[in-house]
>>> print(open('input_7.pdb').read())   # PDB, C-alpha atoms
ATOM      1  CA  MET A   1      10.665 139.570 100.572
ATOM      2  CA  LYS A   2      13.765 139.482  98.362
ATOM      3  CA  MET A   3      17.384 139.550  99.415
ATOM      4  CA  PHE A   4      20.163 140.188  96.920
ATOM      5  CA  ARG A   5      23.847 141.043  96.971
ATOM      6  CA  ILE A   6      25.247 144.492  96.157
ATOM      7  CA  ARG A   7      28.623 144.334  94.406
ATOM      8  CA  SER A   8      28.917 147.789  92.842
ATOM      9  CA  ALA A   9      29.565 151.130  94.520
ATOM     10  CA  LYS A  10      27.191 152.610  91.910
ATOM     11  CA  HIS A  11      24.174 150.506  92.863
ATOM     12  CA  PRO A  12      21.143 152.789  93.421
ATOM     13  CA  MET A  13      20.075 150.972  96.624
ATOM     14  CA  LEU A  14      23.201 152.299  98.344
ATOM     15  CA  ASN A  15      21.404 155.655  98.584
ATOM     16  CA  MET A  16      19.155 154.001 101.164
ATOM     17  CA  ILE A  17      21.649 151.573 102.713
ATOM     18  CA  LEU A  18      24.418 154.049 103.589
ATOM     19  CA  PRO A  19      22.259 156.532 105.573
ATOM     20  CA  LEU A  20      20.672 153.634 107.494
ATOM     21  CA  TYR A  21      24.123 152.140 108.145
ATOM     22  CA  SER A  22      25.488 155.447 109.464
ATOM     23  CA  SER A  23      22.448 156.221 111.619
ATOM     24  CA  THR A  24      22.069 152.726 113.103
ATOM     25  CA  PHE A  25      25.629 151.920 114.152
ATOM     26  CA  PRO A  26      27.878 154.152 116.284
ATOM     27  CA  VAL A  27      31.118 155.369 114.697
ATOM     28  CA  GLY A  28      33.314 152.851 116.548
ATOM     29  CA  GLU A  29      31.068 149.950 115.528
ATOM     30  CA  ARG A  30      31.115 150.516 111.757
ATOM     31  CA  ARG A  31      33.344 151.342 108.833
ATOM     32  CA  THR A  32      33.256 154.685 107.076
ATOM     33  CA  PRO A  33      30.839 154.598 104.121
ATOM     34  CA  GLY A  34      33.817 155.007 101.759
ATOM     35  CA  ALA A  35      35.620 152.028 103.294
ATOM     36  CA  LEU A  36      32.462 149.929 103.037
ATOM     37  CA  LEU A  37      32.043 150.789  99.358
ATOM     38  CA  LYS A  38      35.638 149.759  98.620
ATOM     39  CA  MET A  39      34.923 146.337 100.104
ATOM     40  CA  LEU A  40      31.956 145.422  97.904
ATOM     41  CA  THR A  41      34.175 143.297  95.661
ATOM     42  CA  VAL A  42      35.758 141.354  98.543
ATOM     43  CA  ASP A  43      34.667 137.793  97.875
ATOM     44  CA  GLN A  44      34.023 136.797 101.515
ATOM     45  CA  MET A  45      31.951 139.899 102.352
ATOM     46  CA  ARG A  46      28.306 140.070 101.376
ATOM     47  CA  LEU A  47      26.283 143.267 101.525
ATOM     48  CA  MET A  48      22.731 142.057 101.086
ATOM     49  CA  VAL A  49      19.859 144.447 100.473
ATOM     50  CA  VAL A  50      16.337 143.405 101.416
ATOM     51  CA  THR A  51      13.208 144.593  99.637
ATOM     52  CA  ASP A  52       9.548 143.716  99.898
ATOM     53  CA  ILE A  53       7.196 144.476  97.024
ATOM     54  CA  GLY A  54       9.873 146.766  95.613
ATOM     55  CA  LYS A  55      10.230 148.735  98.856
ATOM     56  CA  PHE A  56      13.560 149.028 100.701
ATOM     57  CA  VAL A  57      13.411 147.098 103.986
ATOM     58  CA  GLY A  58      17.005 146.965 105.218
ATOM     59  CA  PHE A  59      20.327 145.241 104.782
ATOM     60  CA  MET A  60      22.748 142.783 106.295
ATOM     61  CA  ILE A  61      26.499 142.473 105.984
ATOM     62  CA  TYR A  62      27.975 139.076 106.593
ATOM     63  CA  TRP A  63      31.227 137.248 105.924
ATOM     64  CA  GLN A  64      31.322 133.743 104.494
ATOM     65  CA  PHE A  65      34.232 131.751 105.844
ATOM     66  CA  ARG A  66      35.025 128.096 105.223
ATOM     67  CA  ASP A  67      33.429 126.862 108.473
ATOM     68  CA  PHE A  68      31.213 129.714 109.635
ATOM     69  CA  ILE A  69      29.394 132.920 108.801
ATOM     70  CA  PHE A  70      30.113 136.116 110.702
ATOM     71  CA  LEU A  71      27.149 138.506 110.749
ATOM     72  CA  GLU A  72      28.731 141.940 110.984
ATOM     73  CA  HIS A  73      25.691 144.243 110.656
ATOM     74  CA  MET A  74      21.953 144.061 110.141
ATOM     75  CA  ALA A  75      19.516 146.950 110.084
ATOM     76  CA  ILE A  76      15.862 147.469 109.248
ATOM     77  CA  SER A  77      14.399 150.774 108.107
ATOM     78  CA  PRO A  78      13.035 152.494 111.257
ATOM     79  CA  LYS A  79       9.475 152.702 109.923
ATOM     80  CA  LEU A  80       9.454 148.922 109.283
ATOM     81  CA  ARG A  81      10.911 147.727 112.587
ATOM     82  CA  GLY A  82       8.769 145.388 114.629
ATOM     83  CA  LEU A  83       7.062 143.898 111.560
ATOM     84  CA  GLY A  84       9.063 140.658 111.501
ATOM     85  CA  TYR A  85      11.521 141.555 108.761
ATOM     86  CA  GLY A  86      14.594 141.026 110.948
ATOM     87  CA  ARG A  87      13.386 137.556 111.886
ATOM     88  CA  ARG A  88      12.652 136.734 108.234
ATOM     89  CA  MET A  89      16.090 137.985 107.157
ATOM     90  CA  MET A  90      17.800 135.880 109.791
ATOM     91  CA  HIS A  91      15.751 132.803 108.880
ATOM     92  CA  GLU A  92      16.753 133.227 105.248
ATOM     93  CA  LEU A  93      20.419 133.426 106.250
ATOM     94  CA  MET A  94      20.063 130.448 108.581
ATOM     95  CA  ASP A  95      18.169 128.388 105.974
ATOM     96  CA  LYS A  96      20.840 128.999 103.327
ATOM     97  CA  SER A  97      23.668 128.149 105.682
ATOM     98  CA  HIS A  98      24.904 124.810 106.907
ATOM     99  CA  TYR A  99      27.513 126.683 108.886
ATOM    100  CA  GLN A 100      27.914 128.065 112.344
ATOM    101  CA  ILE A 101      26.746 131.694 112.486
ATOM    102  CA  VAL A 102      28.594 134.051 114.817
ATOM    103  CA  LEU A 103      27.739 137.644 115.691
ATOM    104  CA  GLU A 104      28.572 140.323 118.235
ATOM    105  CA  VAL A 105      26.147 142.558 120.128
ATOM    106  CA  GLU A 106      26.488 145.335 122.663
ATOM    107  CA  HIS A 107      26.458 144.418 126.335
ATOM    108  CA  PRO A 108      22.894 144.522 127.708
ATOM    109  CA  THR A 109      23.140 147.877 129.448
ATOM    110  CA  GLU A 110      19.966 149.521 128.131
ATOM    111  CA  GLN A 111      16.621 148.485 126.621
ATOM    112  CA  THR A 112      17.737 148.442 122.979
ATOM    113  CA  SER A 113      20.701 146.138 123.585
ATOM    114  CA  LYS A 114      18.621 143.898 125.878
ATOM    115  CA  LYS A 115      15.936 143.676 123.186
ATOM    116  CA  ARG A 116      18.563 142.859 120.540
ATOM    117  CA  ILE A 117      19.973 139.995 122.625
ATOM    118  CA  ARG A 118      16.459 138.623 123.249
ATOM    119  CA  PHE A 119      15.811 138.812 119.488
ATOM    120  CA  TYR A 120      18.848 136.650 118.702
ATOM    121  CA  GLU A 121      18.150 134.270 121.592
ATOM    122  CA  GLY A 122      14.626 133.825 120.201
ATOM    123  CA  LEU A 123      16.229 132.640 116.966
ATOM    124  CA  GLY A 124      18.300 130.052 118.827
ATOM    125  CA  PHE A 125      21.529 131.995 119.304
ATOM    126  CA  MET A 126      23.334 131.650 122.586
ATOM    127  CA  LYS A 127      25.804 133.855 124.396
ATOM    128  CA  ILE A 128      29.327 132.515 124.307
ATOM    129  CA  PRO A 129      30.734 132.776 127.852
ATOM    130  CA  HIS A 130      34.059 134.158 126.716
ATOM    131  CA  PRO A 131      35.321 137.726 127.167
ATOM    132  CA  TYR A 132      35.108 139.397 123.768
ATOM    133  CA  PHE A 133      36.158 142.751 122.381
ATOM    134  CA  GLN A 134      35.224 143.868 118.889
ATOM    135  CA  PRO A 135      38.492 144.731 117.172
ATOM    136  CA  PRO A 136      38.693 148.361 116.056
ATOM    137  CA  TYR A 137      37.896 149.296 112.470
ATOM    138  CA  GLU A 138      40.982 151.501 112.344
ATOM    139  CA  LYS A 139      44.561 150.572 113.188
ATOM    140  CA  ASN A 140      44.855 152.847 116.216
ATOM    141  CA  GLY A 141      41.254 152.494 117.377
ATOM    142  CA  LYS A 142      40.159 150.977 120.659
ATOM    143  CA  PRO A 143      38.526 147.542 120.966
ATOM    144  CA  ILE A 144      34.905 147.653 122.130
ATOM    145  CA  PRO A 145      33.576 145.192 124.737
ATOM    146  CA  MET A 146      30.793 143.118 123.205
ATOM    147  CA  VAL A 147      28.840 139.935 123.767
ATOM    148  CA  LEU A 148      29.669 137.145 121.357
ATOM    149  CA  MET A 149      26.735 134.997 120.245
ATOM    150  CA  ALA A 150      26.563 131.897 118.067
ATOM    151  CA  LEU A 151      23.881 129.672 116.632
ATOM    152  CA  THR A 152      25.483 126.554 118.075
ATOM    153  CA  SER A 153      27.971 126.085 120.867
ATOM    154  CA  PHE A 154      31.644 125.632 120.169
ATOM    155  CA  ASN A 155      32.993 122.123 120.737
ATOM    156  CA  ASP A 156      36.303 123.305 122.105
ATOM    157  CA  MET A 157      38.350 126.385 122.914
ATOM    158  CA  ALA A 158      40.673 125.821 119.930
ATOM    159  CA  THR A 159      37.747 126.111 117.480
ATOM    160  CA  LEU A 160      36.467 129.257 119.206
ATOM    161  CA  ASN A 161      39.929 130.828 119.213
ATOM    162  CA  ASP A 162      40.432 129.998 115.532
ATOM    163  CA  THR A 163      37.042 131.536 114.696
ATOM    164  CA  LEU A 164      37.883 134.711 116.614
ATOM    165  CA  ARG A 165      41.311 134.890 114.953
ATOM    166  CA  GLN A 166      39.746 134.667 111.490
ATOM    167  CA  ILE A 167      37.218 137.398 112.338
ATOM    168  CA  ARG A 168      39.927 139.667 113.749
ATOM    169  CA  GLU A 169      42.350 139.139 110.868
ATOM    170  CA  GLU A 170      39.948 138.937 107.892
ATOM    171  CA  VAL A 171      37.138 141.313 108.862
ATOM    172  CA  TYR A 172      39.052 143.965 110.782
ATOM    173  CA  GLU A 173      42.868 143.962 110.561
ATOM    174  CA  ARG A 174      42.993 143.060 106.865
ATOM    175  CA  PHE A 175      41.555 146.453 105.992
ATOM    176  CA  TYR A 176      43.683 148.701 108.169
ATOM    177  CA  LEU A 177      45.250 151.510 106.186
TER     178      LEU A 177
END
>>> encode(input="input_7.pdb", output="structure tokens")
Amino acid sequence: MKMFRIRSAKHPMLNMILPLYSSTFPVGERRTPGALLKMLTVDQMRLMVVTDIGKFVGFMIYWQFRDFIFLEHMAISPKLRGLGYGRRMMHELMDKSHYQIVLEVEHPTEQTSKKRIRFYEGLGFMKIPHPYFQPPYEKNGKPIPMVLMALTSFNDMATLNDTLRQIREEVYERFYL
């Protein structure tokens, strides 16, 4: 399995990434494809494509901050789900990082979201017992209630609040039109 960063809106792998991105994440939980393409040169944001023996597997989008990584999206091609690629992708991210890793998932209201939370818990992530709303991707959009998860617990409320502020300001609000 290989994972590499996409930095150009002309990269041929985007022909596989963008349809998977649009079909996997609901409109309120993702950027428009055009907005995503404009962000490929943002230093903190990493769009990583994953291949195995030359075959497209999936992608992950994460943000590298000074003290933590924020995993914004991860998706595996539907025909390859359940084969361990998601776990391998996460282990690669975790092995490369000496940082806290933070992510948001839907509330466990149906089987898919329950399965997703179990997946992350199996990797050592824990739910952060703090009310959390994903900021909207557009200026006048509505926040979406989510579950916040992290690889390690937060030592204090100030650190958690600073982390959430950075995510809100740098991942979401920074790109409002």
>>> atom_distance(input="input_7.pdb", atom1="atom CA of A:Ser22", atom2="atom CA of A:Lys127")
26.3 Å
>>> residues_around(input="input_7.pdb", residues="A:Ser153", least_positions_apart="5", cutoff="9 Å", atoms="only C-alpha atoms", output="compact mmCIF listing (two decimals) with C-alpha atoms, keeping the file's coordinate frame")
# COMPACT_ATOMS: atom_id res chain seq x y z
CA GLN A 100 27.91 128.06 112.34
CA PHE A 125 21.53 132.00 119.30
CA MET A 126 23.33 131.65 122.59
CA LYS A 127 25.80 133.85 124.40
CA ILE A 128 29.33 132.51 124.31
>>> residues_around(input="input_7.pdb", residues="stretch 31-36 of chain A", least_positions_apart="3", cutoff="9 Å", atoms="only C-alpha atoms", output="list in words")
Leu18, Pro19, Tyr21, Ser22, Val27, Gly28, Met39, Leu40, Tyr137, Glu138 and Phe175 of chain A
>>> residues_near_point(input="input_7.pdb", point="(27.4, 143.8, 98.6)", cutoff="12 Å", atoms="only C-alpha atoms", output="mmCIF file with C-alpha atoms, in the frame of the given file")
data_model
loop_
_atom_site.group_PDB
_atom_site.id
_atom_site.type_symbol
_atom_site.label_atom_id
_atom_site.label_comp_id
_atom_site.auth_asym_id
_atom_site.auth_seq_id
_atom_site.Cartn_x
_atom_site.Cartn_y
_atom_site.Cartn_z
ATOM 1 C CA MET A 3 17.384 139.550 99.415
ATOM 2 C CA PHE A 4 20.163 140.188 96.920
ATOM 3 C CA ARG A 5 23.847 141.043 96.971
ATOM 4 C CA ILE A 6 25.247 144.492 96.157
ATOM 5 C CA ARG A 7 28.623 144.334 94.406
ATOM 6 C CA SER A 8 28.917 147.789 92.842
ATOM 7 C CA ALA A 9 29.565 151.130 94.520
ATOM 8 C CA LYS A 10 27.191 152.610 91.910
ATOM 9 C CA HIS A 11 24.174 150.506 92.863
ATOM 10 C CA MET A 13 20.075 150.972 96.624
ATOM 11 C CA LEU A 14 23.201 152.299 98.344
ATOM 12 C CA ILE A 17 21.649 151.573 102.713
ATOM 13 C CA LEU A 18 24.418 154.049 103.589
ATOM 14 C CA LEU A 36 32.462 149.929 103.037
ATOM 15 C CA LEU A 37 32.043 150.789 99.358
ATOM 16 C CA LYS A 38 35.638 149.759 98.620
ATOM 17 C CA MET A 39 34.923 146.337 100.104
ATOM 18 C CA LEU A 40 31.956 145.422 97.904
ATOM 19 C CA THR A 41 34.175 143.297 95.661
ATOM 20 C CA VAL A 42 35.758 141.354 98.543
ATOM 21 C CA ASP A 43 34.667 137.793 97.875
ATOM 22 C CA GLN A 44 34.023 136.797 101.515
ATOM 23 C CA MET A 45 31.951 139.899 102.352
ATOM 24 C CA ARG A 46 28.306 140.070 101.376
ATOM 25 C CA LEU A 47 26.283 143.267 101.525
ATOM 26 C CA MET A 48 22.731 142.057 101.086
ATOM 27 C CA VAL A 49 19.859 144.447 100.473
ATOM 28 C CA VAL A 50 16.337 143.405 101.416
ATOM 29 C CA PHE A 59 20.327 145.241 104.782
ATOM 30 C CA MET A 60 22.748 142.783 106.295
ATOM 31 C CA ILE A 61 26.499 142.473 105.984
ATOM 32 C CA TYR A 62 27.975 139.076 106.593
ATOM 33 C CA TRP A 63 31.227 137.248 105.924
#
>>> atom_distance(input="input_7.pdb", atom1="atom CA of A:Met94", atom2="atom CA of A:Met74")
13.8 Å
>>> resolve_selection(input="input_7.pdb", expression="the PyMOL selection byres ((chain A and resi 156-165) around 10)", output="PyMOL selection string")
chain A and resi 65+67-70+102+128+130+132+134+148+153-155+166-171
>>> decode(input="input_7.pdb", residues="stretch 151-170 of chain A", atoms="N, CA and C atoms", output="PDB file, in the first residue's frame")
ATOM      1  N   LEU A 151      -7.199  10.532  19.782  1.00  0.00           N
ATOM      2  CA  LEU A 151      -6.347   9.374  20.060  1.00  0.00           C
ATOM      3  C   LEU A 151      -5.920   9.324  21.521  1.00  0.00           C
ATOM      4  N   THR A 152      -5.751  10.487  22.122  1.00  0.00           N
ATOM      5  CA  THR A 152      -5.440  10.540  23.552  1.00  0.00           C
ATOM      6  C   THR A 152      -6.375  11.562  24.196  1.00  0.00           C
ATOM      7  N   SER A 153      -6.532  11.458  25.492  1.00  0.00           N
ATOM      8  CA  SER A 153      -7.423  12.403  26.160  1.00  0.00           C
ATOM      9  C   SER A 153      -6.749  13.770  26.259  1.00  0.00           C
ATOM     10  N   PHE A 154      -7.566  14.768  26.449  1.00  0.00           N
ATOM     11  CA  PHE A 154      -7.053  16.122  26.623  1.00  0.00           C
ATOM     12  C   PHE A 154      -6.756  16.341  28.098  1.00  0.00           C
ATOM     13  N   ASN A 155      -5.623  16.967  28.386  1.00  0.00           N
ATOM     14  CA  ASN A 155      -5.219  17.199  29.775  1.00  0.00           C
ATOM     15  C   ASN A 155      -6.111  18.202  30.487  1.00  0.00           C
ATOM     16  N   ASP A 156      -6.595  19.179  29.730  1.00  0.00           N
ATOM     17  CA  ASP A 156      -7.409  20.212  30.367  1.00  0.00           C
ATOM     18  C   ASP A 156      -8.355  20.827  29.340  1.00  0.00           C
ATOM     19  N   MET A 157      -9.334  21.537  29.840  1.00  0.00           N
ATOM     20  CA  MET A 157     -10.347  22.169  28.999  1.00  0.00           C
ATOM     21  C   MET A 157      -9.741  23.246  28.110  1.00  0.00           C
ATOM     22  N   ALA A 158      -8.725  23.951  28.588  1.00  0.00           N
ATOM     23  CA  ALA A 158      -8.096  25.017  27.799  1.00  0.00           C
ATOM     24  C   ALA A 158      -7.463  24.438  26.533  1.00  0.00           C
ATOM     25  N   THR A 159      -6.803  23.288  26.644  1.00  0.00           N
ATOM     26  CA  THR A 159      -6.182  22.652  25.479  1.00  0.00           C
ATOM     27  C   THR A 159      -7.252  22.201  24.497  1.00  0.00           C
ATOM     28  N   LEU A 160      -8.325  21.593  24.999  1.00  0.00           N
ATOM     29  CA  LEU A 160      -9.424  21.171  24.132  1.00  0.00           C
ATOM     30  C   LEU A 160     -10.030  22.378  23.431  1.00  0.00           C
ATOM     31  N   ASN A 161     -10.318  23.424  24.165  1.00  0.00           N
ATOM     32  CA  ASN A 161     -10.922  24.618  23.558  1.00  0.00           C
ATOM     33  C   ASN A 161     -10.008  25.250  22.521  1.00  0.00           C
ATOM     34  N   ASP A 162      -8.701  25.266  22.770  1.00  0.00           N
ATOM     35  CA  ASP A 162      -7.769  25.813  21.791  1.00  0.00           C
ATOM     36  C   ASP A 162      -7.731  24.946  20.535  1.00  0.00           C
ATOM     37  N   THR A 163      -7.778  23.640  20.700  1.00  0.00           N
ATOM     38  CA  THR A 163      -7.814  22.717  19.562  1.00  0.00           C
ATOM     39  C   THR A 163      -9.063  22.957  18.725  1.00  0.00           C
ATOM     40  N   LEU A 164     -10.209  23.051  19.383  1.00  0.00           N
ATOM     41  CA  LEU A 164     -11.469  23.277  18.667  1.00  0.00           C
ATOM     42  C   LEU A 164     -11.491  24.649  17.988  1.00  0.00           C
ATOM     43  N   ARG A 165     -10.895  25.643  18.601  1.00  0.00           N
ATOM     44  CA  ARG A 165     -10.810  26.971  17.990  1.00  0.00           C
ATOM     45  C   ARG A 165      -9.983  26.909  16.705  1.00  0.00           C
ATOM     46  N   GLN A 166      -8.837  26.227  16.772  1.00  0.00           N
ATOM     47  CA  GLN A 166      -7.981  26.120  15.589  1.00  0.00           C
ATOM     48  C   GLN A 166      -8.697  25.390  14.457  1.00  0.00           C
ATOM     49  N   ILE A 167      -9.404  24.317  14.783  1.00  0.00           N
ATOM     50  CA  ILE A 167     -10.158  23.577  13.755  1.00  0.00           C
ATOM     51  C   ILE A 167     -11.210  24.495  13.149  1.00  0.00           C
ATOM     52  N   ARG A 168     -11.990  25.150  13.982  1.00  0.00           N
ATOM     53  CA  ARG A 168     -13.052  26.033  13.486  1.00  0.00           C
ATOM     54  C   ARG A 168     -12.486  27.139  12.599  1.00  0.00           C
ATOM     55  N   GLU A 169     -11.454  27.811  13.074  1.00  0.00           N
ATOM     56  CA  GLU A 169     -10.911  28.960  12.346  1.00  0.00           C
ATOM     57  C   GLU A 169     -10.108  28.564  11.106  1.00  0.00           C
ATOM     58  N   GLU A 170      -9.274  27.528  11.202  1.00  0.00           N
ATOM     59  CA  GLU A 170      -8.346  27.193  10.118  1.00  0.00           C
ATOM     60  C   GLU A 170      -8.880  26.202   9.095  1.00  0.00           C
TER      61      GLU A 170
END
